[in-house]
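**Q** Structure: input.cif, mmCIF, C-alpha atoms.
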data_data
loop_
_atom_site.label_atom_id
_atom_site.label_comp_id
_atom_site.auth_asym_id
_atom_site.auth_seq_id
_atom_site.Cartn_x
_atom_site.Cartn_y
_atom_site.Cartn_z
CA MET A 1 -32.40 19.42 3.09
CA ALA A 2 -29.35 20.08 5.28
CA ASP A 3 -27.05 18.56 2.63
CA ARG A 4 -28.65 20.69 -0.07
CA ARG A 5 -28.16 23.83 2.01
CA LEU A 6 -24.48 22.97 2.58
CA GLU A 7 -23.92 22.20 -1.10
CA ASP A 8 -25.48 25.54 -2.06
CA SER A 9 -23.21 27.31 0.45
CA LEU A 10 -20.13 25.56 -0.93
CA GLU A 11 -21.03 26.45 -4.50
CA GLN A 12 -21.63 30.08 -3.53
CA PHE A 13 -18.36 30.19 -1.58
CA LEU A 14 -16.43 29.04 -4.64
CA LYS A 15 -18.32 31.37 -6.96
CA THR A 16 -17.51 34.32 -4.71
CA HIS A 17 -13.91 33.58 -3.77
CA TYR A 18 -12.21 31.27 -6.27
CA ASP A 19 -11.30 33.93 -8.84
CA GLY A 20 -9.74 36.19 -6.20
CA PHE A 21 -7.83 33.29 -4.69
CA ALA A 22 -6.46 32.23 -8.08
CA ALA A 23 -5.54 35.81 -9.01
CA ARG A 24 -3.64 36.42 -5.76
CA ARG A 25 -1.72 33.18 -6.10
CA GLN A 26 -0.93 33.84 -9.77
CA LYS A 27 0.31 37.33 -8.90
CA MET A 28 2.59 36.07 -6.14
CA LEU A 29 4.06 33.24 -8.17
CA GLY A 30 4.52 35.54 -11.16
CA GLN A 31 6.50 38.06 -9.11
CA VAL A 32 8.53 35.34 -7.44
CA LYS A 33 9.32 33.95 -10.88
CA THR A 34 10.57 37.37 -12.04
CA VAL A 35 13.06 37.54 -9.18
CA LEU A 36 14.19 33.91 -9.41
CA GLU A 37 14.77 33.95 -13.16
CA TYR A 38 17.32 36.71 -12.68
CA LEU A 39 18.94 34.98 -9.69
CA LEU A 40 19.17 31.59 -11.39
CA GLN A 41 20.83 33.04 -14.48
CA ALA A 42 23.38 34.88 -12.34
CA LEU A 43 23.90 31.73 -10.30
CA LYS A 44 24.71 29.63 -13.37
CA GLU A 45 27.17 32.25 -14.58
CA ARG A 46 29.01 32.04 -11.26
CA ASP A 47 29.04 28.22 -11.07
CA ASN A 48 27.75 26.07 -13.94
CA MET A 49 27.12 23.18 -11.55
CA PHE A 50 24.22 25.24 -10.22
CA ASP A 51 22.21 24.83 -13.38
CA PHE A 52 18.58 24.78 -12.30
CA GLU A 53 15.50 24.36 -14.48
CA HIS A 54 13.75 27.54 -15.51
CA ILE A 55 10.80 28.52 -13.34
CA ASN A 56 7.64 27.56 -15.26
CA SER A 57 4.21 25.99 -14.85
CA ALA A 58 5.82 22.63 -14.06
CA THR A 59 7.89 24.04 -11.17
CA PHE A 60 6.91 22.72 -7.76
CA PHE A 61 5.81 25.46 -5.39
CA ASP A 62 4.56 24.81 -1.87
CA VAL A 63 2.57 27.80 -0.63
CA LYS A 64 3.11 27.67 3.12
CA THR A 65 1.14 30.75 4.16
CA SER A 66 -0.51 33.69 2.46
CA ASN A 67 2.86 35.30 1.71
CA THR A 68 5.38 32.46 2.12
CA VAL A 69 6.23 30.03 -0.65
CA GLU A 70 8.81 27.28 -0.87
CA VAL A 71 10.32 26.82 -4.32
CA LEU A 72 11.96 23.52 -5.23
CA LEU A 73 14.86 24.17 -7.60
CA ASN A 74 15.40 21.19 -9.88
CA VAL A 75 19.04 20.53 -10.75
CA GLN A 76 19.52 19.98 -14.50
CA GLY A 77 21.94 17.50 -16.02
CA PHE A 78 22.18 15.24 -12.99
CA ASP A 79 22.26 11.54 -13.90
CA SER A 80 19.90 9.91 -11.40
CA SER A 81 19.74 6.54 -13.16
CA GLU A 82 20.28 3.38 -11.11
CA LYS A 83 23.73 2.97 -12.59
CA ALA A 84 24.86 6.45 -11.57
CA LEU A 85 23.01 6.92 -8.27
CA SER A 86 22.07 4.47 -5.51
CA ILE A 87 19.11 5.71 -3.45
CA GLU A 88 19.27 3.98 -0.08
CA ASP A 89 16.42 4.56 2.37
CA GLY A 90 16.81 1.47 4.56
CA GLN A 91 19.14 3.09 7.11
CA ALA A 92 17.65 6.61 7.14
CA PRO A 93 14.59 7.82 9.10
CA PRO A 94 11.21 7.28 7.39
CA GLY A 95 10.83 9.64 4.45
CA PHE A 96 14.58 10.16 3.98
CA ALA A 97 17.37 8.49 2.04
CA VAL A 98 21.06 8.76 1.29
CA ALA A 99 22.26 9.07 -2.30
CA LYS A 100 25.47 7.24 -3.18
CA VAL A 101 27.19 8.54 -6.30
CA ASN A 102 28.67 5.72 -8.40
CA SER A 103 30.74 7.83 -10.79
CA ASN A 104 33.39 10.53 -10.67
CA ASP A 105 30.86 13.26 -11.42
CA TRP A 106 29.50 15.79 -8.90
CA TYR A 107 32.39 15.18 -6.51
CA GLU A 108 32.23 18.81 -5.36
CA TRP A 109 28.82 18.08 -3.86
CA CYS A 110 29.85 14.83 -2.19
CA VAL A 111 31.36 13.68 1.08
CA CYS A 112 33.36 10.47 1.32
CA SER A 113 32.90 7.72 3.88
CA ASN A 114 35.82 5.97 5.55
CA SER A 115 35.40 3.17 3.02
CA GLY A 116 35.72 5.60 0.10
CA LYS A 117 32.04 5.69 -0.88
CA LYS A 118 30.78 9.06 -2.14
CA TYR A 119 27.50 10.43 -0.84
CA LEU A 120 25.69 13.44 -2.22
CA SER A 121 25.52 15.98 0.61
CA SER A 122 22.39 18.13 0.94
CA LYS A 123 24.21 20.22 3.54
CA LEU A 124 27.13 20.95 1.22
CA ILE A 125 24.89 21.93 -1.69
CA ASN A 126 22.80 24.25 0.50
CA GLU A 127 25.91 25.92 1.89
CA LYS A 128 27.35 26.52 -1.59
CA LEU A 129 23.98 27.80 -2.82
CA LEU A 130 23.76 30.19 0.11
CA ASP A 131 27.26 31.49 -0.50
CA HIS A 132 26.62 32.19 -4.20
CA ILE A 133 23.23 33.84 -3.69
CA SER A 134 24.59 35.99 -0.84
CA LYS A 135 27.24 37.37 -3.20
CA ILE A 136 24.75 37.88 -6.05
CA VAL A 137 22.32 39.80 -3.84
CA LYS A 138 25.15 41.92 -2.42
CA LEU A 139 26.55 42.59 -5.90
CA HIS A 140 23.25 43.98 -7.12
CA ASP A 141 22.75 46.21 -4.08
CA LEU A 142 19.82 44.14 -2.81
CA HIS A 143 17.62 45.17 -5.75
CA ILE A 144 16.36 43.10 -8.68
CA HIS A 145 13.96 44.83 -11.05
CA ASP A 146 11.40 46.63 -8.85
CA PHE A 147 12.02 44.43 -5.84
CA SER A 148 14.21 44.88 -2.81
CA ILE A 149 15.81 41.59 -1.77
CA ASP A 150 16.76 40.72 1.78
CA LEU A 151 18.52 37.41 2.36
CA GLU A 152 18.23 35.53 5.63
CA HIS A 153 19.21 32.04 6.59
CA SER A 154 19.40 29.62 9.47
CA PHE A 155 22.79 28.02 9.60
CA GLY A 156 22.90 24.94 11.78
CA GLN A 157 25.64 22.45 12.45
CA GLN A 158 24.26 20.07 9.85
CA SER A 159 21.64 22.02 7.89
CA THR A 160 21.10 25.35 6.17
CA THR A 161 17.83 27.05 5.23
CA LEU A 162 17.88 29.85 2.67
CA LYS A 163 15.07 32.41 2.54
CA LEU A 164 14.63 35.50 0.40
CA ASN A 165 12.46 38.37 1.59
CA VAL A 166 11.12 39.98 -1.57
CA LEU A 167 9.69 43.46 -1.05
CA SER A 168 8.08 46.03 -3.31
CA ASP A 169 5.93 49.08 -2.61
CA ARG A 170 2.79 46.98 -2.15
CA ASP A 171 3.88 43.38 -1.64
CA ASN A 172 6.07 41.39 0.72
CA TYR A 173 6.89 37.73 0.06
CA HIS A 174 9.08 35.19 1.78
CA VAL A 175 10.66 32.70 -0.63
CA VAL A 176 12.38 29.58 0.69
CA LEU A 177 14.75 27.99 -1.84
CA VAL A 178 15.48 24.26 -1.72
CA PRO A 179 17.75 22.41 -4.19
CA THR A 180 16.11 19.26 -5.51
CA ILE A 181 17.27 16.26 -7.53
CA PRO A 182 14.62 14.85 -9.92
CA CYS A 183 14.78 11.07 -10.19
CA PRO A 184 12.36 10.03 -12.94
CA GLY A 185 11.64 6.33 -13.07
CA ARG A 186 13.13 5.75 -9.61
CA TRP A 187 11.22 4.39 -6.63
CA THR A 188 12.12 3.62 -3.02
CA TYR A 189 12.02 0.57 -0.80
CA SER A 190 9.89 2.39 1.80
CA ALA A 191 7.12 2.92 -0.79
CA HIS A 192 7.29 -0.61 -2.19
CA ALA A 193 4.09 -1.70 -0.43
CA TRP A 194 2.05 0.94 -2.29
CA GLN A 195 3.82 0.02 -5.51
CA ILE A 196 2.65 -3.61 -5.40
CA GLU A 197 -0.69 -3.42 -3.55
CA GLY A 198 -3.93 -3.89 -5.43
CA SER A 199 -6.61 -1.22 -5.10
CA HIS A 200 -9.62 0.20 -6.90
CA TRP A 201 -8.07 3.68 -6.94
CA PRO A 202 -5.99 4.71 -8.73
CA ASN A 203 -6.55 2.35 -11.65
CA LYS A 204 -3.69 0.21 -12.89
CA THR A 205 -2.78 2.45 -15.82
CA THR A 206 -2.66 5.63 -13.73
CA LYS A 207 -0.69 3.87 -10.99
CA GLN A 208 1.94 2.60 -13.43
CA ALA A 209 2.29 6.10 -14.86
CA ALA A 210 2.69 7.55 -11.35
CA ILE A 211 5.42 5.05 -10.52
CA ALA A 212 7.17 5.85 -13.80
CA ASP A 213 7.09 9.54 -12.82
CA GLY A 214 9.55 8.65 -10.08
CA ILE A 215 10.58 10.62 -7.02
CA HIS A 216 12.47 13.77 -6.11
CA LEU A 217 15.23 14.07 -3.54
CA ILE A 218 14.78 17.33 -1.66
CA GLY A 219 17.81 18.93 -0.03
CA ARG A 220 16.37 18.99 3.45
CA SER A 221 17.91 17.39 6.54
CA SER A 222 16.17 14.82 8.75
CA HIS A 223 15.80 15.21 12.51
CA THR A 224 19.12 13.36 12.89
CA LYS A 225 20.77 16.33 11.13
CA SER A 226 22.83 14.05 8.92
CA PRO A 227 24.55 16.11 6.18
CA ASN A 228 23.88 13.30 3.71
CA HIS A 229 20.14 12.84 4.19
CA TRP A 230 17.70 13.82 1.47
CA GLN A 231 13.95 14.01 1.88
CA ILE A 232 12.03 11.66 -0.41
CA ALA A 233 9.16 13.40 -2.21
CA PHE A 234 6.55 12.02 -4.59
CA LEU A 235 5.91 15.33 -6.27
CA GLN A 236 5.00 14.22 -9.76
CA PRO A 237 2.97 11.15 -8.68
CA ILE A 238 0.92 13.36 -6.34
CA ARG A 239 0.37 15.91 -9.10
CA ARG A 240 -0.78 13.12 -11.43
CA LEU A 241 -3.14 11.52 -8.88
CA LEU A 242 -4.68 14.84 -7.86
CA ALA A 243 -5.37 15.60 -11.52
CA ASP A 244 -8.34 13.25 -11.06
CA LYS A 245 -11.17 15.80 -10.97
CA THR A 246 -14.02 13.29 -11.01
CA GLY A 247 -17.29 14.82 -9.77
CA CYS A 248 -16.73 17.16 -6.84
CA LYS A 249 -13.10 16.21 -6.05
CA HIS A 250 -11.54 19.38 -7.38
CA LYS A 251 -14.16 21.62 -5.79
CA CYS A 252 -13.67 20.00 -2.38
CA ALA A 253 -9.93 20.60 -2.62
CA MET A 254 -10.34 24.23 -3.70
CA VAL A 255 -12.72 25.11 -0.87
CA MET A 256 -10.21 23.73 1.63
CA ARG A 257 -7.30 25.60 0.03
CA ILE A 258 -9.21 28.88 0.23
CA LEU A 259 -10.21 28.24 3.85
CA LEU A 260 -6.57 27.56 4.71
CA GLU A 261 -5.55 30.83 3.08
CA ASN A 262 -8.14 32.66 5.18
CA SER A 263 -7.02 31.16 8.50
CA SER A 264 -3.58 31.78 9.98
CA THR A 265 -4.59 29.39 12.79
CA LEU A 266 -5.04 26.50 10.37
CA GLN A 267 -1.91 27.47 8.41
CA GLU A 268 0.16 27.00 11.59
CA VAL A 269 -0.62 23.26 11.46
CA ILE A 270 -2.00 22.22 8.07
CA ALA A 271 0.28 22.71 5.07
CA GLY A 272 -0.45 22.01 1.44
CA ASN A 273 1.16 18.56 1.52
CA HIS A 274 -0.99 17.62 4.54
CA LEU A 275 -4.16 18.45 2.64
CA GLU A 276 -2.89 16.59 -0.43
CA ASN A 277 -2.23 13.43 1.58
CA VAL A 278 -5.65 13.56 3.24
CA LEU A 279 -7.26 13.94 -0.20
CA LEU A 280 -5.32 10.95 -1.56
CA HIS A 281 -6.34 8.78 1.39
CA LEU A 282 -9.99 9.69 0.87
CA PHE A 283 -9.84 9.19 -2.90
CA LYS A 284 -8.63 5.68 -2.12
CA LYS A 285 -11.23 5.15 0.62
CA PHE A 286 -14.04 6.19 -1.74
CA PRO A 287 -12.74 4.80 -5.04
CA VAL A 288 -16.02 4.60 -6.99
CA ALA A 289 -16.72 7.65 -9.13
CA SER A 290 -20.33 7.89 -7.91
CA PHE A 291 -19.06 8.51 -4.36
CA TRP A 292 -17.87 11.89 -5.64
CA ASP A 293 -21.00 12.84 -7.59
CA GLU A 294 -21.97 16.50 -7.46
CA ASP A 295 -24.89 15.73 -5.14
CA ARG A 296 -22.39 14.43 -2.56
CA PHE A 297 -20.32 17.62 -2.54
CA GLY A 298 -21.34 18.51 1.01
CA GLN A 299 -20.89 14.99 2.36
CA ARG A 300 -17.42 14.52 0.86
CA PHE A 301 -16.33 18.00 1.96
CA LEU A 302 -17.21 17.17 5.56
CA ASP A 303 -15.34 13.87 5.21
CA ILE A 304 -12.20 15.88 4.38
CA VAL A 305 -12.68 18.26 7.31
CA ASN A 306 -13.38 15.37 9.73
CA GLU A 307 -10.29 13.51 8.54
CA LEU A 308 -8.13 16.60 9.01
CA ASP A 309 -9.59 17.07 12.49
CA LYS A 310 -8.87 13.45 13.41
CA CYS A 311 -5.29 13.70 12.17
CA VAL A 312 -4.67 16.95 14.07
CA ARG A 313 -6.25 15.47 17.22
CA ASP A 314 -4.04 12.38 17.06
CA ARG A 315 -1.09 14.36 15.68
CA HIS A 316 -0.73 11.58 13.17
CA LEU A 317 -1.08 11.65 9.38
CA ALA A 318 0.44 8.75 7.48
CA ASP A 319 2.14 9.62 4.23
CA PHE A 320 0.13 8.18 1.34
CA PHE A 321 3.13 6.38 -0.15
CA ILE A 322 5.20 5.70 2.98
CA PRO A 323 2.80 4.57 5.74
CA ASP A 324 5.57 4.50 8.36
CA LEU A 325 6.10 8.24 7.90
CA ASN A 326 3.99 10.44 10.19
CA LEU A 327 3.64 13.87 8.61
CA PHE A 328 2.40 15.38 11.89
CA THR A 329 5.28 14.33 14.13
CA ASP A 330 6.55 17.84 14.75
CA ILE A 331 3.38 19.91 15.05
CA ASP A 332 3.08 22.06 18.15
CA LYS A 333 0.54 20.78 20.68
CA HIS A 334 -0.94 24.20 21.44
CA ALA A 335 -1.17 25.12 17.76
CA ALA A 336 -2.91 21.79 17.12
CA GLN A 337 -5.48 22.55 19.82
CA LEU A 338 -6.25 25.93 18.28
CA ALA A 339 -6.56 24.39 14.81
CA ARG A 340 -8.98 21.80 16.17
CA VAL A 341 -11.21 24.55 17.53
CA GLU A 342 -11.42 26.00 14.00
CA LEU A 343 -12.06 22.62 12.39
CA GLN A 344 -14.77 21.73 14.91
CA LYS A 345 -16.53 25.04 14.29
CA LEU A 346 -16.47 24.15 10.61
CA THR A 347 -17.94 20.67 11.13
CA GLN A 348 -20.59 21.81 13.64
CA ASN A 349 -21.99 24.61 11.51
CA PRO A 350 -20.34 24.57 8.08
CA VAL A 351 -22.84 26.93 6.45
CA GLU A 352 -22.25 29.67 8.99
CA PHE A 353 -18.49 29.06 9.00
CA LEU A 354 -18.32 29.44 5.22
CA LYS A 355 -20.34 32.63 5.43
CA LEU A 356 -18.07 34.15 8.11
CA SER A 357 -14.89 33.01 6.36
CA GLY A 358 -16.13 34.45 3.10
CA ASN A 359 -16.83 37.79 4.71
CA SER A 360 -13.42 38.01 6.38
CA GLN A 361 -10.56 39.75 4.65
CA SER A 362 -7.94 37.19 3.77
CA THR A 363 -4.36 38.29 3.65
CA ALA A 364 -3.50 39.16 0.06
CA PHE A 365 -0.65 37.38 -1.68
#
Would you mind writing the structure in this file as structure tokens?

**A**
Amino acid sequence: MADRRLEDSLEQFLKTHYDGFAARRQKMLGQVKTVLEYLLQALKERDNMFDFEHINSATFFDVKTSNTVEVLLNVQGFDSSEKALSIEDGQAPPGFAVAKVNSNDWYEWCVCSNSGKKYLSSKLINEKLLDHISKIVKLHDLHIHDFSIDLEHSFGQQSTTLKLNVLSDRDNYHVVLVPTIPCPGRWTYSAHAWQIEGSHWPNKTTKQAAIADGIHLIGRSSHTKSPNHWQIAFLQPIRRLLADKTGCKHKCAMVMRILLENSSTLQEVIAGNHLENVLLHLFKKFPVASFWDEDRFGQRFLDIVNELDKCVRDRHLADFFIPDLNLFTDIDKHAAQLARVELQKLTQNPVEFLKLSGNSQSTAF
């Protein structure tokens, strides 16, 4: 009876709030796209090395909070084959790698070692990107279409973060831009164990396709602040694996995404990639399709919440592909405690929590 009541509450929550959630997100991403299309065209005209893919449905966005989104800008024309680029993650911190360029191309984005080896520098690319966009924004008097653009950045000794504040009469978005190198067909040593292990989920065909999707190198520095470190990301494999919408999988994920949007307390600790990794771990833990039948909606939803609570409590969430990488290393202890209070309220009385969350006014995108 209790499970049935929870399942009814979850279904009603989605029925009431999913359309609004999807519309707000679509509106934000659509307006961000309008601004970025103009910026990227102007950027290419200034420096044809900064030739990024057009913003489209395949672009990777990471919605950090209700009005903050990180956009990964894929560099076009970069040869990331094994012959042209050596991806070395053995000497970098977990989740990071250095990229050694084995040709005479892209030298403007490289730094040379004492031995003459050329390494692609995430710091150098971010600095050049910042310089170009600063001049573009200034040239156009801080306005693009109907939006006022304010550029801010953190400029550290070894890293640079570029953020656009996009304002209109009714909306205010923060857009973090990160240059990214797509590496289709490439894999890393640190994720080799997942590559070769046998499991019931995903099936062999899906797993081979995910590996063939390859990785992305994200222009973000590690805690060592090395100018040559790139963050390893499994963007396309994750997208492929989460496309598995067997039974109640998709509905569980959507309820959690909406709850995160409604709670600034949870947003302080739990980002989209944290939720994605928890989902992947549970998909693997419960690999049989019947475990995700519609009549187990409530049970599986609570499994997700309990796993998130455990990870926040321990401040430890292993990356699905790189088990040595803890995704919760840097979370603030006090913020984690506050998030746990929210999660425990949800587990102790989920029906009432869903009702209260549904009645609250979430911050509009």

**Q** As a list in words, please: the residues near Ala318 (chain A) (cut-off 10 Å, all atoms listed in the file, same-chain neighbours under 2 positions excluded).

**A**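 Contacts, in chain order: His274, Asn277, Val278, His281, Cys311, His316, Phe320, Phe321, Ile322, Pro323, Asp324, Leu325, Asn326, Leu327, Phe328 and Thr329 of chain A.
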
**Q** Taking into account all atoms listed in the file, which residue in the set A:Leu6, A:Gln231, A:Glu45, A:Phe61 is nearest to Thr347 (chain A)?

**A**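 Closest candidate: A:Leu6.
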
**Q** So which one's closest to Pro182 (chain A), A:Asn56, A:Ser199, A:Ser103, A:Ser81? Using all atoms listed in the file, please.

**A** A:Ser81

**Q** A:Leu266, A:Leu14, A:Ala335, A:Leu73: which is nearest Thr59 (chain A), counting all atoms listed in the file?

**A**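 Smallest separation from Thr59 (chain A) among the options: A:Leu73.
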
**Q** Given the PyMOL selection byres ((chain A and resi 238) around 10) and the file above, list the residues it selects as a list in words.

**A** Ala210, Asp213, Ala233, Phe234, Leu235, Gln236, Pro237, Arg239, Arg240, Leu241, Leu242, Ala243, Asn273, Glu276, Asn277, Leu280, Phe320 and Phe321 of chain A

**Q** Rounded to one decimal place, report the CA of Val255 (chain A)-CA of Pro202 (chain A) distance in Å.

**A**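 According to the coordinates, CA of Val255 (chain A) and CA of Pro202 (chain A) are separated by 22.9 Å.
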
**Q** Since I can't run it myself right now, could you work out what the PyMOL selection byres ((chain A and resi 220) around 10) selects here and report it as a short mmCIF file (atom, residue, chain, number, x, y, z; two decimals) with C-alpha atoms, keeping the file's coordinate frame?

**A**
data_model
loop_
_atom_site.label_atom_id
_atom_site.label_comp_id
_atom_site.auth_asym_id
_atom_site.auth_seq_id
_atom_site.Cartn_x
_atom_site.Cartn_y
_atom_site.Cartn_z
CA PHE A 96 14.58 10.16 3.98
CA SER A 122 22.39 18.13 0.94
CA LYS A 123 24.21 20.22 3.54
CA ASN A 126 22.80 24.25 0.50
CA SER A 159 21.64 22.02 7.89
CA THR A 160 21.10 25.35 6.17
CA THR A 161 17.83 27.05 5.23
CA VAL A 178 15.48 24.26 -1.72
CA PRO A 179 17.75 22.41 -4.19
CA THR A 180 16.11 19.26 -5.51
CA LEU A 217 15.23 14.07 -3.54
CA ILE A 218 14.78 17.33 -1.66
CA GLY A 219 17.81 18.93 -0.03
CA SER A 221 17.91 17.39 6.54
CA SER A 222 16.17 14.82 8.75
CA HIS A 223 15.80 15.21 12.51
CA LYS A 225 20.77 16.33 11.13
CA SER A 226 22.83 14.05 8.92
CA PRO A 227 24.55 16.11 6.18
CA ASN A 228 23.88 13.30 3.71
CA HIS A 229 20.14 12.84 4.19
CA TRP A 230 17.70 13.82 1.47
CA GLN A 231 13.95 14.01 1.88
CA ILE A 232 12.03 11.66 -0.41
#

**Q** I'd like the neighbourhood of Ile196 (chain A) as a list in words, where a residue qualifies if any of its atoms comes within 12 Å (using all atoms listed in the file), though same-chain residues fewer than 5 positions away should be ignored.

**A**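 The neighbour list is Trp187, Tyr189, Ser190, Ala191, Lys204, Lys207, Gln208, Ile211 and Phe321 of chain A.
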
**Q** Counting only C-alpha atoms, what is within 9 Å of Ala336 (chain A), bar same-chain residues fewer than 3 positions away, as a list in words?

**A**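 The neighbour list is Thr265, Leu266, Glu268, Val269, Val312, Arg313, Arg315, Ile331, Asp332, Lys333, Ala339, Arg340 and Val341 of chain A.
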
**Q** Please measure the separation of CA of Ala58 (chain A) and CA of Leu72 (chain A), giving the value in Å to one decimal.

**A**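 Pair CA of Ala58 (chain A) / CA of Leu72 (chain A) returns 10.8 Å.
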
**Q** Between A:Gly77, A:His17, A:Gly30, A:His200, which is the closest to Lys285 (chain A) once you count all atoms listed in the file?

**A**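 Of all the options, A:His200 lies closest to Lys285 (chain A).
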
**Q** Restricting the calculation to only C-alpha atoms: of A:Thr224, A:Asp8, A:Leu317, A:Gln267, which residue gets closest to Ala92 (chain A)?

**A**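 Looking at the shortest contact to Ala92 (chain A), the residue is A:Thr224.
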
**Q** Rank A:Lys117, A:Lys44, A:Lys249, A:Arg170 by their smallest atom-to-atom distance to Trp292 (chain A), using all atoms listed in the file, and report the top residue only.

**A**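 Of all the options, A:Lys249 lies closest to Trp292 (chain A).
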
**Q** With a distance cut-off of 7 Å and only C-alpha atoms, select the neighbouring residues of Asp51 (chain A), excluding the residue or stretch itself and same-chain residues fewer than 2 positions from it, and output the selection as a list in words.

**A**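 The neighbour list is Lys44, Asn48, Met49, Glu53, Val75 and Gln76 of chain A.
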
**Q** Please provide the set of residues having any atom within 10 Å of Ala289 (chain A), restricted to all atoms listed in the file, with same-chain residues fewer than 5 positions apart removed, written as a list in words.

**A**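 Those residues are Trp201, Thr246, Gly247, Cys248, Lys249 and Phe283 of chain A.
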
**Q** Would you work out the distance separating CA of Gln26 (chain A) from CA of Asn172 (chain A), expressed in Å to one decimal?

**A**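 For CA of Gln26 (chain A) relative to CA of Asn172 (chain A), the distance reads 14.7 Å.
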
**Q** Identify all residues satisfying the PyMOL selection byres ((chain A and resi 37) around 12) in the given file; provide them as a PyMOL selection string.

**A** chain A and resi 29-36+38-44+51-56+73+144-145

**Q** Please, can region 171-176 of chain A be completed to all heavy atoms and returned as an mmCIF file, in the coordinates of the input?

**A**
data_model
loop_
_atom_site.group_PDB
_atom_site.id
_atom_site.type_symbol
_atom_site.label_atom_id
_atom_site.label_comp_id
_atom_site.auth_asym_id
_atom_site.auth_seq_id
_atom_site.Cartn_x
_atom_site.Cartn_y
_atom_site.Cartn_z
ATOM 1 N N ASP A 171 3.876 44.808 -1.935
ATOM 2 C CA ASP A 171 3.880 43.380 -1.640
ATOM 3 C C ASP A 171 5.122 42.987 -0.845
ATOM 4 O O ASP A 171 6.175 43.632 -0.944
ATOM 5 C CB ASP A 171 3.834 42.557 -2.936
ATOM 6 C CG ASP A 171 2.604 42.886 -3.760
ATOM 7 O OD1 ASP A 171 1.487 42.663 -3.258
ATOM 8 O OD2 ASP A 171 2.759 43.377 -4.891
ATOM 9 N N ASN A 172 4.972 41.911 -0.084
ATOM 10 C CA ASN A 172 6.070 41.390 0.720
ATOM 11 C C ASN A 172 5.957 39.868 0.743
ATOM 12 O O ASN A 172 4.977 39.335 1.275
ATOM 13 C CB ASN A 172 6.011 41.962 2.133
ATOM 14 C CG ASN A 172 7.145 41.455 3.004
ATOM 15 O OD1 ASN A 172 8.084 40.833 2.507
ATOM 16 N ND2 ASN A 172 7.068 41.696 4.302
ATOM 17 N N TYR A 173 6.916 39.184 0.134
ATOM 18 C CA TYR A 173 6.890 37.730 0.060
ATOM 19 C C TYR A 173 8.130 37.134 0.719
ATOM 20 O O TYR A 173 9.198 37.738 0.716
ATOM 21 C CB TYR A 173 6.851 37.242 -1.400
ATOM 22 C CG TYR A 173 5.765 37.863 -2.242
ATOM 23 C CD1 TYR A 173 6.066 38.404 -3.492
ATOM 24 C CD2 TYR A 173 4.452 37.900 -1.803
ATOM 25 C CE1 TYR A 173 5.066 38.977 -4.276
ATOM 26 C CE2 TYR A 173 3.452 38.463 -2.579
ATOM 27 C CZ TYR A 173 3.763 39.004 -3.815
ATOM 28 O OH TYR A 173 2.784 39.566 -4.579
ATOM 29 N N HIS A 174 7.963 35.954 1.252
ATOM 30 C CA HIS A 174 9.080 35.190 1.780
ATOM 31 C C HIS A 174 9.234 33.949 0.895
ATOM 32 O O HIS A 174 8.289 33.190 0.717
ATOM 33 C CB HIS A 174 8.827 34.779 3.224
ATOM 34 C CG HIS A 174 8.469 35.930 4.117
ATOM 35 N ND1 HIS A 174 9.351 36.942 4.413
ATOM 36 C CD2 HIS A 174 7.311 36.243 4.749
ATOM 37 C CE1 HIS A 174 8.776 37.816 5.205
ATOM 38 N NE2 HIS A 174 7.516 37.419 5.419
ATOM 39 N N VAL A 175 10.421 33.771 0.340
ATOM 40 C CA VAL A 175 10.660 32.700 -0.630
ATOM 41 C C VAL A 175 11.772 31.789 -0.098
ATOM 42 O O VAL A 175 12.922 32.215 0.025
ATOM 43 C CB VAL A 175 11.063 33.273 -2.006
ATOM 44 C CG1 VAL A 175 11.185 32.151 -3.028
ATOM 45 C CG2 VAL A 175 10.052 34.324 -2.466
ATOM 46 N N VAL A 176 11.409 30.566 0.216
ATOM 47 C CA VAL A 176 12.380 29.580 0.690
ATOM 48 C C VAL A 176 12.858 28.776 -0.511
ATOM 49 O O VAL A 176 12.039 28.262 -1.296
ATOM 50 C CB VAL A 176 11.749 28.635 1.738
ATOM 51 C CG1 VAL A 176 12.767 27.607 2.218
ATOM 52 C CG2 VAL A 176 11.204 29.442 2.922
#
